[in-house]
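Student: Dropping in data-v6.txt, which is compact mmCIF, C-alpha atoms:
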```txt
# COMPACT_ATOMS: atom_id res chain seq x y z
CA MET O 198 20.84 52.60 -33.40
CA TRP O 199 19.16 53.27 -30.07
CA GLN O 200 18.79 50.32 -27.72
CA PRO O 201 16.64 50.34 -24.58
CA SER O 202 18.20 49.90 -21.15
CA LYS O 203 15.19 47.78 -20.27
CA SER O 204 15.18 44.12 -21.20
CA TYR O 205 14.01 43.01 -24.62
CA GLN O 206 11.09 41.26 -22.96
CA GLU O 207 9.99 44.56 -21.39
CA SER O 208 10.11 46.18 -24.82
CA LEU O 209 7.81 43.46 -26.13
CA SER O 210 5.56 44.06 -23.13
CA PHE O 211 5.35 47.74 -24.07
CA ALA O 212 3.79 46.90 -27.45
CA ASN O 213 1.49 44.23 -25.99
CA LEU O 214 0.22 46.56 -23.27
CA VAL O 215 -0.43 49.35 -25.79
CA LEU O 216 -2.27 46.94 -28.09
CA GLN O 217 -4.44 45.55 -25.30
CA TRP O 218 -5.34 49.00 -24.01
CA GLY O 219 -5.89 50.33 -27.53
CA VAL O 220 -8.42 47.66 -28.43
CA GLN O 221 -10.40 48.35 -25.25
CA ASN O 222 -10.31 52.14 -25.65
CA PHE O 223 -10.37 52.59 -29.44
CA SER O 224 -11.60 56.03 -30.50
CA GLU O 225 -13.94 55.50 -33.44
CA PHE O 226 -13.26 58.62 -35.48
CA PRO O 227 -14.79 58.39 -38.97
CA TRP O 228 -11.41 58.44 -40.74
CA ARG O 229 -10.31 55.40 -38.79
CA LEU O 230 -12.95 53.33 -40.53
CA LYS O 231 -11.33 54.17 -43.86
CA ARG O 232 -8.45 52.36 -45.42
CA SER O 233 -7.64 54.08 -48.75
CA PRO O 234 -4.58 56.37 -48.85
CA TYR O 235 -6.69 59.21 -50.29
CA GLU O 236 -9.19 59.05 -47.41
CA VAL O 237 -6.35 59.05 -44.88
CA LEU O 238 -4.72 61.97 -46.69
CA ILE O 239 -7.92 64.04 -46.47
CA ALA O 240 -8.20 63.26 -42.75
CA GLU O 241 -4.65 64.47 -42.17
CA VAL O 242 -5.32 67.72 -44.02
CA LEU O 243 -8.51 68.35 -42.05
CA LEU O 244 -6.90 67.53 -38.71
CA LYS O 245 -4.13 70.09 -39.01
CA ARG O 246 -4.48 72.84 -36.41
CA THR O 247 -7.95 71.84 -35.30
CA THR O 248 -9.70 69.30 -33.09
CA ALA O 249 -10.87 65.84 -34.04
CA THR O 250 -14.43 66.94 -33.25
CA ALA O 251 -14.24 69.81 -35.74
CA ALA O 252 -12.66 67.62 -38.43
CA ALA O 253 -15.34 64.96 -37.94
CA ARG O 254 -18.06 67.50 -38.71
CA VAL O 255 -16.95 67.87 -42.33
CA TYR O 256 -14.97 64.73 -43.08
CA GLN O 257 -17.62 62.52 -44.67
CA SER O 258 -19.41 65.33 -46.48
CA PHE O 259 -16.10 66.52 -47.93
CA LEU O 260 -15.27 63.02 -49.19
CA ASP O 261 -18.74 62.67 -50.69
CA LYS O 262 -18.35 65.93 -52.58
CA TYR O 263 -14.69 65.43 -53.53
CA PRO O 264 -14.08 61.69 -53.96
CA SER O 265 -10.71 62.19 -55.68
CA LEU O 266 -7.84 64.64 -56.02
CA GLN O 267 -9.14 65.52 -59.50
CA HIS O 268 -12.39 66.78 -57.97
CA ILE O 269 -10.48 68.98 -55.53
CA ALA O 270 -8.12 70.39 -58.16
CA SER O 271 -10.98 71.34 -60.48
CA ALA O 272 -13.14 72.90 -57.77
CA PRO O 273 -13.20 76.73 -57.40
CA GLU O 274 -11.34 77.82 -54.30
CA GLU O 275 -14.39 79.63 -52.90
CA GLU O 276 -16.36 76.39 -53.13
CA LEU O 277 -13.66 74.64 -51.12
CA VAL O 278 -13.78 77.46 -48.57
CA ARG O 279 -17.51 76.87 -48.08
CA ALA O 280 -17.00 73.11 -47.78
CA LEU O 281 -14.38 73.67 -45.08
CA SER O 282 -16.15 76.45 -43.19
CA ASN O 283 -17.05 74.26 -40.20
CA VAL O 284 -13.50 73.12 -39.54
CA GLY O 285 -11.84 76.54 -39.21
CA LEU O 286 -9.01 78.29 -41.09
CA GLN O 287 -11.06 77.56 -44.20
CA HIS O 288 -9.34 80.05 -46.55
CA GLN O 289 -5.86 78.83 -45.64
CA ARG O 290 -7.00 75.20 -45.67
CA ALA O 291 -8.71 75.54 -49.06
CA ARG O 292 -5.59 77.04 -50.66
CA SER O 293 -3.42 74.34 -49.12
CA ILE O 294 -5.56 71.38 -50.17
CA LYS O 295 -6.02 72.71 -53.71
CA ARG O 296 -2.27 73.20 -54.07
CA LEU O 297 -1.65 69.71 -52.71
CA ALA O 298 -4.13 68.15 -55.13
CA SER O 299 -2.69 69.99 -58.14
CA TRP O 300 0.85 69.00 -57.16
CA LEU O 301 -0.05 65.30 -56.84
CA LEU O 302 -1.85 65.38 -60.18
CA SER O 303 1.20 66.95 -61.80
CA LYS O 304 3.89 64.83 -60.14
CA HIS O 305 2.13 61.52 -59.46
CA ARG O 306 -0.85 61.51 -61.85
CA GLY O 307 -3.25 61.92 -58.95
CA ALA O 308 -1.96 58.99 -56.91
CA VAL O 309 -0.97 59.26 -53.26
CA PRO O 310 2.69 58.18 -52.98
CA ASP O 311 3.39 54.93 -51.17
CA ASN O 312 6.86 55.75 -49.87
CA LEU O 313 8.21 58.19 -47.30
CA LYS O 314 10.58 60.02 -49.64
CA ASP O 315 7.86 61.03 -52.11
CA LEU O 316 5.32 61.82 -49.40
CA MET O 317 7.76 64.17 -47.67
CA GLU O 318 7.99 66.17 -50.90
CA VAL O 319 4.24 66.80 -51.06
CA PRO O 320 3.50 70.43 -50.11
CA GLY O 321 1.65 70.70 -46.81
CA LEU O 322 2.57 67.22 -45.54
CA GLY O 323 5.03 66.73 -42.70
CA ASP O 324 6.69 63.71 -41.15
CA TYR O 325 3.67 62.76 -39.03
CA SER O 326 1.15 62.99 -41.88
CA ALA O 327 3.45 61.06 -44.21
CA THR O 328 3.88 58.18 -41.77
CA ALA O 329 0.17 58.20 -40.93
CA ILE O 330 -0.69 57.77 -44.63
CA LEU O 331 1.79 54.90 -44.92
CA SER O 332 0.62 53.16 -41.75
CA PHE O 333 -3.13 53.70 -41.92
CA GLY O 334 -3.57 54.01 -45.67
CA TYR O 335 -1.05 51.49 -47.01
CA GLY O 336 -0.53 49.22 -44.00
CA VAL O 337 3.24 49.83 -44.02
CA GLN O 338 5.12 48.75 -40.89
CA ILE O 339 6.20 52.23 -39.82
CA ALA O 340 5.94 54.07 -36.51
CA VAL O 341 3.66 57.11 -36.31
CA LEU O 342 5.20 59.83 -34.15
CA ASP O 343 3.29 62.92 -33.02
CA THR O 344 3.76 65.07 -29.92
CA ASN O 345 1.55 62.73 -27.87
CA VAL O 346 3.61 59.66 -28.80
CA GLU O 347 6.85 61.56 -28.21
CA ARG O 348 5.68 62.39 -24.70
CA ILE O 349 5.00 58.72 -23.93
CA LEU O 350 8.46 57.69 -25.14
CA LEU O 351 10.18 60.50 -23.23
CA ARG O 352 8.44 59.46 -20.02
CA VAL O 353 8.60 55.68 -20.24
CA PHE O 354 12.26 55.63 -21.38
CA GLU O 355 13.40 58.72 -19.50
CA ASN O 356 16.43 56.97 -17.94
CA ALA O 357 17.55 55.43 -21.24
CA LEU O 358 17.31 58.56 -23.37
CA PRO O 359 19.75 61.47 -23.50
CA PRO O 360 18.52 64.87 -22.31
CA ARG O 361 16.50 66.51 -25.08
CA PRO O 362 16.84 63.64 -27.57
CA SER O 363 16.73 64.49 -31.26
CA GLN O 364 13.87 63.59 -33.58
CA ARG O 365 16.14 60.98 -35.14
CA ILE O 366 16.60 59.21 -31.81
CA LEU O 367 12.89 59.38 -30.97
CA ARG O 368 12.05 57.90 -34.37
CA GLU O 369 14.53 55.07 -33.77
CA VAL O 370 12.89 54.39 -30.40
CA ALA O 371 9.42 54.39 -31.95
CA GLN O 372 10.48 52.10 -34.80
CA PHE O 373 12.29 49.72 -32.44
CA LEU O 374 9.14 49.28 -30.33
CA LEU O 375 6.78 48.85 -33.29
CA PRO O 376 5.40 45.28 -33.40
CA LYS O 377 5.70 43.25 -36.61
CA VAL O 378 2.01 42.38 -36.59
CA ARG O 379 -1.01 44.60 -35.85
CA HIS O 380 1.25 47.63 -36.17
CA ARG O 381 -1.62 49.78 -37.40
CA ASP O 382 -3.71 48.95 -34.31
CA TYR O 383 -0.64 49.63 -32.16
CA ASN O 384 -0.15 53.07 -33.73
CA TYR O 385 -3.78 53.97 -33.09
CA GLY O 386 -3.49 52.73 -29.51
CA LEU O 387 -0.38 54.80 -28.85
CA LEU O 388 -1.98 57.94 -30.29
CA ASP O 389 -5.07 57.46 -28.12
CA LEU O 390 -2.99 56.69 -25.03
CA GLY O 391 -1.05 59.92 -25.39
CA ARG O 392 -4.16 61.97 -26.09
CA LEU O 393 -6.35 60.56 -23.32
CA ILE O 394 -4.04 59.28 -20.57
CA CYS O 395 -0.41 60.38 -20.87
CA ARG O 396 -1.40 64.02 -21.16
CA TYR O 397 1.02 66.95 -20.97
CA ALA O 398 -0.72 68.39 -17.92
CA ASP O 399 -2.17 66.15 -15.21
CA PRO O 400 -1.31 62.76 -16.73
CA ARG O 401 -3.67 60.00 -15.60
CA CYS O 402 -0.93 57.67 -14.44
CA GLY O 403 -3.37 55.69 -12.32
CA GLU O 404 -5.20 54.62 -15.49
CA CYS O 405 -2.13 53.96 -17.65
CA PRO O 406 -1.23 50.41 -18.70
CA LEU O 407 2.49 51.27 -18.87
CA THR O 408 3.22 52.20 -15.25
CA SER O 409 5.19 49.00 -14.63
CA LEU O 410 7.63 50.04 -17.37
CA CYS O 411 7.59 53.81 -16.97
CA ASP O 412 10.64 55.66 -15.62
CA PHE O 413 8.62 58.85 -15.11
CA TYR O 414 6.05 57.02 -13.02
CA SER O 415 8.69 55.17 -10.97
CA LYS O 416 10.46 58.42 -10.16
CA SER O 417 7.34 60.32 -9.20
CA ALA O 418 5.10 57.52 -7.92
CA GLY O 419 5.41 58.56 -4.30
CA GLU O 420 4.30 62.14 -4.80
CA LEU O 421 1.78 61.32 -7.51
CA SER O 422 0.07 58.24 -6.15
CA SER O 423 -2.24 59.82 -3.57
CA ARG O 424 -3.20 62.73 -5.84
CA ILE O 425 -3.82 60.42 -8.79
CA VAL O 426 -6.08 58.15 -6.75
CA ARG O 427 -8.12 61.12 -5.48
CA GLU O 428 -8.43 62.69 -8.94
CA SER O 429 -9.26 59.37 -10.56
CA LYS O 430 -12.08 58.69 -8.10
CA ALA O 431 -13.49 62.21 -8.50
CA SER O 432 -13.30 62.00 -12.29
CA TYR O 433 -15.10 58.66 -12.46
CA ALA O 434 -17.73 59.90 -10.00
CA SER O 435 -18.67 63.00 -11.98
CA ARG O 436 -18.54 61.38 -15.42
CA LEU O 437 -20.51 58.28 -14.49
CA ARG O 438 -23.19 60.40 -12.82
CA GLU O 439 -23.32 62.80 -15.78
CA ILE O 440 -23.59 60.09 -18.46
CA ARG O 441 -26.04 57.98 -16.45
CA ARG O 442 -28.38 60.92 -15.97
CA SER O 443 -28.09 61.94 -19.63
CA ARG O 444 -29.37 58.45 -20.50
CA GLY O 445 -32.28 58.84 -18.07
CA LEU O 446 -31.16 55.86 -15.99
CA SER O 447 -31.47 55.42 -12.26
CA GLN O 448 -28.63 53.86 -10.32
CA ARG O 449 -30.71 50.72 -9.89
CA ARG O 450 -31.52 50.46 -13.62
CA LEU O 451 -27.88 50.99 -14.64
CA ALA O 452 -26.82 48.31 -12.18
CA GLU O 453 -29.30 45.89 -13.76
CA ILE O 454 -28.19 46.62 -17.34
CA ALA O 455 -24.48 46.47 -16.51
CA ASN O 456 -24.88 43.42 -14.28
CA VAL O 457 -23.14 45.05 -11.33
CA SER O 458 -24.44 45.83 -7.86
CA LYS O 459 -26.21 49.09 -7.08
CA LEU O 460 -23.76 49.56 -4.21
CA THR O 461 -20.92 49.57 -6.73
CA ILE O 462 -22.60 52.38 -8.68
CA ILE O 463 -23.17 54.35 -5.46
CA ARG O 464 -19.55 53.93 -4.32
CA ILE O 465 -18.20 55.08 -7.70
CA GLU O 466 -20.53 58.08 -7.92
CA THR O 467 -19.70 59.20 -4.39
CA GLY O 468 -15.98 59.01 -5.08
CA LYS O 469 -15.34 56.22 -2.61
CA THR O 470 -13.79 53.91 -5.19
CA SER O 471 -12.55 53.69 -8.76
CA PRO O 472 -14.05 50.96 -10.95
CA ARG O 473 -12.01 47.90 -11.79
CA GLN O 474 -11.30 47.36 -15.49
CA GLU O 475 -13.95 44.64 -15.71
CA THR O 476 -16.55 46.93 -14.13
CA LEU O 477 -15.49 49.79 -16.38
CA GLN O 478 -16.07 47.62 -19.44
CA LYS O 479 -19.54 46.61 -18.23
CA LEU O 480 -20.53 50.22 -17.49
CA GLY O 481 -19.21 51.45 -20.82
CA LYS O 482 -21.19 48.78 -22.68
CA ALA O 483 -24.35 49.52 -20.71
CA LEU O 484 -24.06 53.26 -21.34
CA GLN O 485 -22.91 52.77 -24.96
CA VAL O 486 -19.71 54.78 -24.52
CA CYS O 487 -16.01 54.00 -24.78
CA PRO O 488 -14.77 53.02 -21.30
CA SER O 489 -12.18 55.82 -21.41
CA GLU O 490 -15.02 58.39 -21.64
CA LEU O 491 -16.13 57.47 -18.13
CA SER O 492 -13.00 59.09 -16.73
CA GLY O 493 -13.74 62.50 -18.25
```
Starting from the file, lay out its structure as structure tokens.

Tutor:
Amino acid sequence: MWQPSKSYQESLSFANLVLQWGVQNFSEFPWRLKRSPYEVLIAEVLLKRTTATAAARVYQSFLDKYPSLQHIASAPEEELVRALSNVGLQHQRARSIKRLASWLLSKHRGAVPDNLKDLMEVPGLGDYSATAILSFGYGVQIAVLDTNVERILLRVFENALPPRPSQRILREVAQFLLPKVRHRDYNYGLLDLGRLICRYADPRCGECPLTSLCDFYSKSAGELSSRIVRESKASYASRLREIRRSRGLSQRRLAEIANVSKLTIIRIETGKTSPRQETLQKLGKALQVCPSELSG
């Protein structure tokens, strides 16, 4: 079993920092408001090889039309193709989801399995989708590991991990760090952190809550720090200006609504400063956007 080189307290801090950041920057995709295993299963099928934006366009209408696996299995494939036309790869996706529904009806009487072994046998589901269904659909205490989460673990625990660690080791790391309570919120937070902040190219280290624990950041802080600060300021400047104008607000009016000074708005929009977390929360609330959206 993998053990971190960092102290146990630091490992607890990892989960707490992810949870705190995740609550403040939660991405409200429609499938995240659902809790049934079937609804999570449909989200996972729709999200394969496409963007969250594309999947969101058809998610609710698909559920409304096909509220169960029985409805999918009995539907003509061409009808499924039309229902999936806005998400892309509709012919391939229609065949896959119809096969999946028929298989579950045959093997599990139309129920979505509640254990990893059975879920891994379902055609079209992989390790990530299986754990997502268990975590988000059944509330099972299991780590969800996609490429974004893997990247976070590889960077934060770079010094403790072997070169090119296996999937088994990464899963042990992920499971070790998983908190005993609020593990579903933690999984969502980690997914969002990898997607929005700890990106493959141009990671936003200056906005990451894990820098105090991160081996990658410690190693590269010197060369990254000045560039990150410049890029962070420029990103906030352009996004705040863009969103403010799209709302038809003047700098003065936004300052009034957000209860911050007009000078603060001016300094952010001219790239002279990056907003503090408290200011970011106020601006996000005033503009009715997630605070993370203000950084582009």

Student: Atom CA of O:Leu301 and atom CA of O:Leu238, how far apart in Å?

Tutor: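 These atoms are spaced 11.7 Å apart.
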
Student: Between O:Arg436, O:Lys314, O:Arg381, O:His305, which has the minimum distance to O:Val341 (counting all atoms listed in the file)?

Tutor: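 Checking each candidate against O:Val341, we get O:Arg381 as the closest.
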
Student: Enclose all atoms of stretch 270-277 of chain O listed in the file in an axis-aligned box, grow every side by 6 Å, and hand back centre and edge lengths in Å to one decimal, as AutoDock Vina command-line options.

Tutor:
```
--center_x -12.2 --center_y 75.0 --center_z -55.8 --size_x 20.2 --size_y 21.2 --size_z 21.4
```

Student: Considering only C-alpha atoms, return as a VMD selection string whatever protein or nucleic-acid residues lie within 6 Å of stretch 268-282 of chain O, sequence-local ones (same chain, fewer than 5 positions apart) excluded.

Tutor: chain O and resid 263 287 to 288 291 295 298 to 299

Student: Which residues are near O:Leu316? Cut-off 12 Å, all atoms listed in the file, ignore same chain within fewer than 2 positions. Put them as JSON, numbers by chain.

Tutor: {"O": [234, 238, 297, 300, 301, 304, 305, 308, 309, 310, 311, 312, 313, 314, 318, 319, 320, 321, 322, 323, 324, 325, 326, 327, 328, 329, 330, 331]}

Student: Could you state the separation of atom CA of O:Leu342 and atom CA of O:Gln474 in Å, given to one decimal place?

Tutor: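 Computing it gives 27.9 Å between the two atoms.
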
Student: Within 12 Å of O:Tyr383, counting only C-alpha atoms, which residues qualify if same-chain residues fewer than 4 places away don't, as a count of residues only?

Tutor: 33

Student: Just checking: using all atoms listed in the file, which residue out of O:Ser258, O:Ser233, O:Ser210, O:Gln485 ends up closest to O:Tyr335?

Tutor: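 Checking each of O:Ser258, O:Ser233, O:Ser210, O:Gln485 against O:Tyr335, counting all atoms listed in the file, the winner is O:Ser233.
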
Student: List the spatial neighbours of O:Ile462 as a PyMOL selection string - criterion: any atom at most 12 Å away, all atoms listed in the file, same-chain residues fewer than 4 positions off excluded.

Tutor: chain O and resi 433-438+441+446-458+466-473+476-477+479-480

Student: Counting only C-alpha atoms, figure out which residue out of O:Ser415, O:Gln221, O:Ser293, O:Gln257 gets nearest to O:Glu355.

Tutor: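 Smallest separation from O:Glu355 among the options: O:Ser415.
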
Student: Distance atom CA of O:Val237-atom CA of O:Leu209, one decimal place?

Tutor: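 Computing the Euclidean distance for atom CA of O:Val237 and atom CA of O:Leu209 yields 28.2 Å.
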
Student: Tell me, as number ranges by chain, which residues lie within 10 Å of O:Asp412, counting all atoms listed in the file; anything in the same chain fewer than 4 positions away does not count.

Tutor: O: 350-357, 407-408, 416-418

Student: Taking into account all atoms listed in the file, which residue in the set O:Asn345, O:Thr250, O:Thr461, O:Asn283 is nearest to O:Arg392?

Tutor: O:Asn345

Student: Here is a test: counting all atoms listed in the file, which residue of O:Tyr414, O:Pro362, O:Val337, O:Gln267 is nearest to O:Arg401?

Tutor: O:Tyr414

Student: Can I get stretch 340-371 of chain O with N, CA and C atoms filled in, as a compact mmCIF listing (two decimals), in the coordinates of the input?

Tutor:
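Full text of result32.txt as output:
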```txt
# COMPACT_ATOMS: atom_id res chain seq x y z
N ALA O 340 6.42 53.42 -37.73
CA ALA O 340 5.94 54.07 -36.51
C ALA O 340 5.38 55.45 -36.83
N VAL O 341 4.28 55.79 -36.19
CA VAL O 341 3.66 57.11 -36.31
C VAL O 341 4.03 57.91 -35.06
N LEU O 342 4.63 59.07 -35.26
CA LEU O 342 5.20 59.83 -34.15
C LEU O 342 4.66 61.25 -34.15
N ASP O 343 3.73 61.54 -33.22
CA ASP O 343 3.29 62.92 -33.02
C ASP O 343 3.72 63.37 -31.63
N THR O 344 3.31 64.56 -31.21
CA THR O 344 3.76 65.07 -29.92
C THR O 344 3.27 64.20 -28.76
N ASN O 345 2.08 63.60 -28.92
CA ASN O 345 1.55 62.73 -27.87
C ASN O 345 2.40 61.46 -27.72
N VAL O 346 2.78 60.87 -28.84
CA VAL O 346 3.61 59.66 -28.80
C VAL O 346 5.00 60.00 -28.28
N GLU O 347 5.54 61.13 -28.72
CA GLU O 347 6.85 61.56 -28.21
C GLU O 347 6.84 61.66 -26.69
N ARG O 348 5.78 62.22 -26.15
CA ARG O 348 5.68 62.39 -24.70
C ARG O 348 5.69 61.04 -23.98
N ILE O 349 4.99 60.06 -24.53
CA ILE O 349 5.00 58.72 -23.93
C ILE O 349 6.41 58.16 -23.92
N LEU O 350 7.10 58.24 -25.04
CA LEU O 350 8.46 57.69 -25.14
C LEU O 350 9.41 58.41 -24.19
N LEU O 351 9.30 59.72 -24.11
CA LEU O 351 10.18 60.50 -23.23
C LEU O 351 9.96 60.14 -21.77
N ARG O 352 8.74 59.80 -21.41
CA ARG O 352 8.44 59.46 -20.02
C ARG O 352 8.80 58.02 -19.69
N VAL O 353 8.36 57.10 -20.53
CA VAL O 353 8.60 55.68 -20.24
C VAL O 353 10.09 55.36 -20.25
N PHE O 354 10.83 55.93 -21.22
CA PHE O 354 12.26 55.63 -21.38
C PHE O 354 13.14 56.79 -20.95
N GLU O 355 12.67 57.53 -19.96
CA GLU O 355 13.40 58.72 -19.50
C GLU O 355 14.84 58.41 -19.12
N ASN O 356 15.08 57.31 -18.41
CA ASN O 356 16.43 56.97 -17.94
C ASN O 356 17.34 56.48 -19.06
N ALA O 357 16.76 55.99 -20.15
CA ALA O 357 17.55 55.43 -21.24
C ALA O 357 17.87 56.45 -22.33
N LEU O 358 17.15 57.55 -22.33
CA LEU O 358 17.31 58.56 -23.37
C LEU O 358 18.23 59.68 -22.92
N PRO O 359 18.95 60.30 -23.86
CA PRO O 359 19.75 61.47 -23.50
C PRO O 359 18.84 62.66 -23.22
N PRO O 360 19.33 63.66 -22.50
CA PRO O 360 18.52 64.87 -22.31
C PRO O 360 18.20 65.50 -23.67
N ARG O 361 16.96 65.89 -23.83
CA ARG O 361 16.50 66.51 -25.08
C ARG O 361 16.93 65.71 -26.32
N PRO O 362 16.45 64.48 -26.42
CA PRO O 362 16.84 63.64 -27.57
C PRO O 362 16.34 64.22 -28.89
N SER O 363 17.08 63.99 -29.93
CA SER O 363 16.73 64.49 -31.26
C SER O 363 15.55 63.73 -31.83
N GLN O 364 14.96 64.28 -32.89
CA GLN O 364 13.87 63.59 -33.58
C GLN O 364 14.36 62.27 -34.16
N ARG O 365 15.60 62.22 -34.59
CA ARG O 365 16.14 60.98 -35.14
C ARG O 365 16.13 59.88 -34.09
N ILE O 366 16.57 60.21 -32.88
CA ILE O 366 16.60 59.21 -31.81
C ILE O 366 15.19 58.77 -31.44
N LEU O 367 14.27 59.73 -31.33
CA LEU O 367 12.89 59.38 -30.97
C LEU O 367 12.26 58.48 -32.04
N ARG O 368 12.59 58.75 -33.30
CA ARG O 368 12.05 57.90 -34.37
C ARG O 368 12.65 56.50 -34.28
N GLU O 369 13.92 56.39 -33.94
CA GLU O 369 14.53 55.07 -33.77
C GLU O 369 13.87 54.31 -32.62
N VAL O 370 13.58 55.02 -31.53
CA VAL O 370 12.89 54.39 -30.40
C VAL O 370 11.52 53.88 -30.84
N ALA O 371 10.77 54.75 -31.52
CA ALA O 371 9.42 54.39 -31.95
C ALA O 371 9.44 53.20 -32.90
```
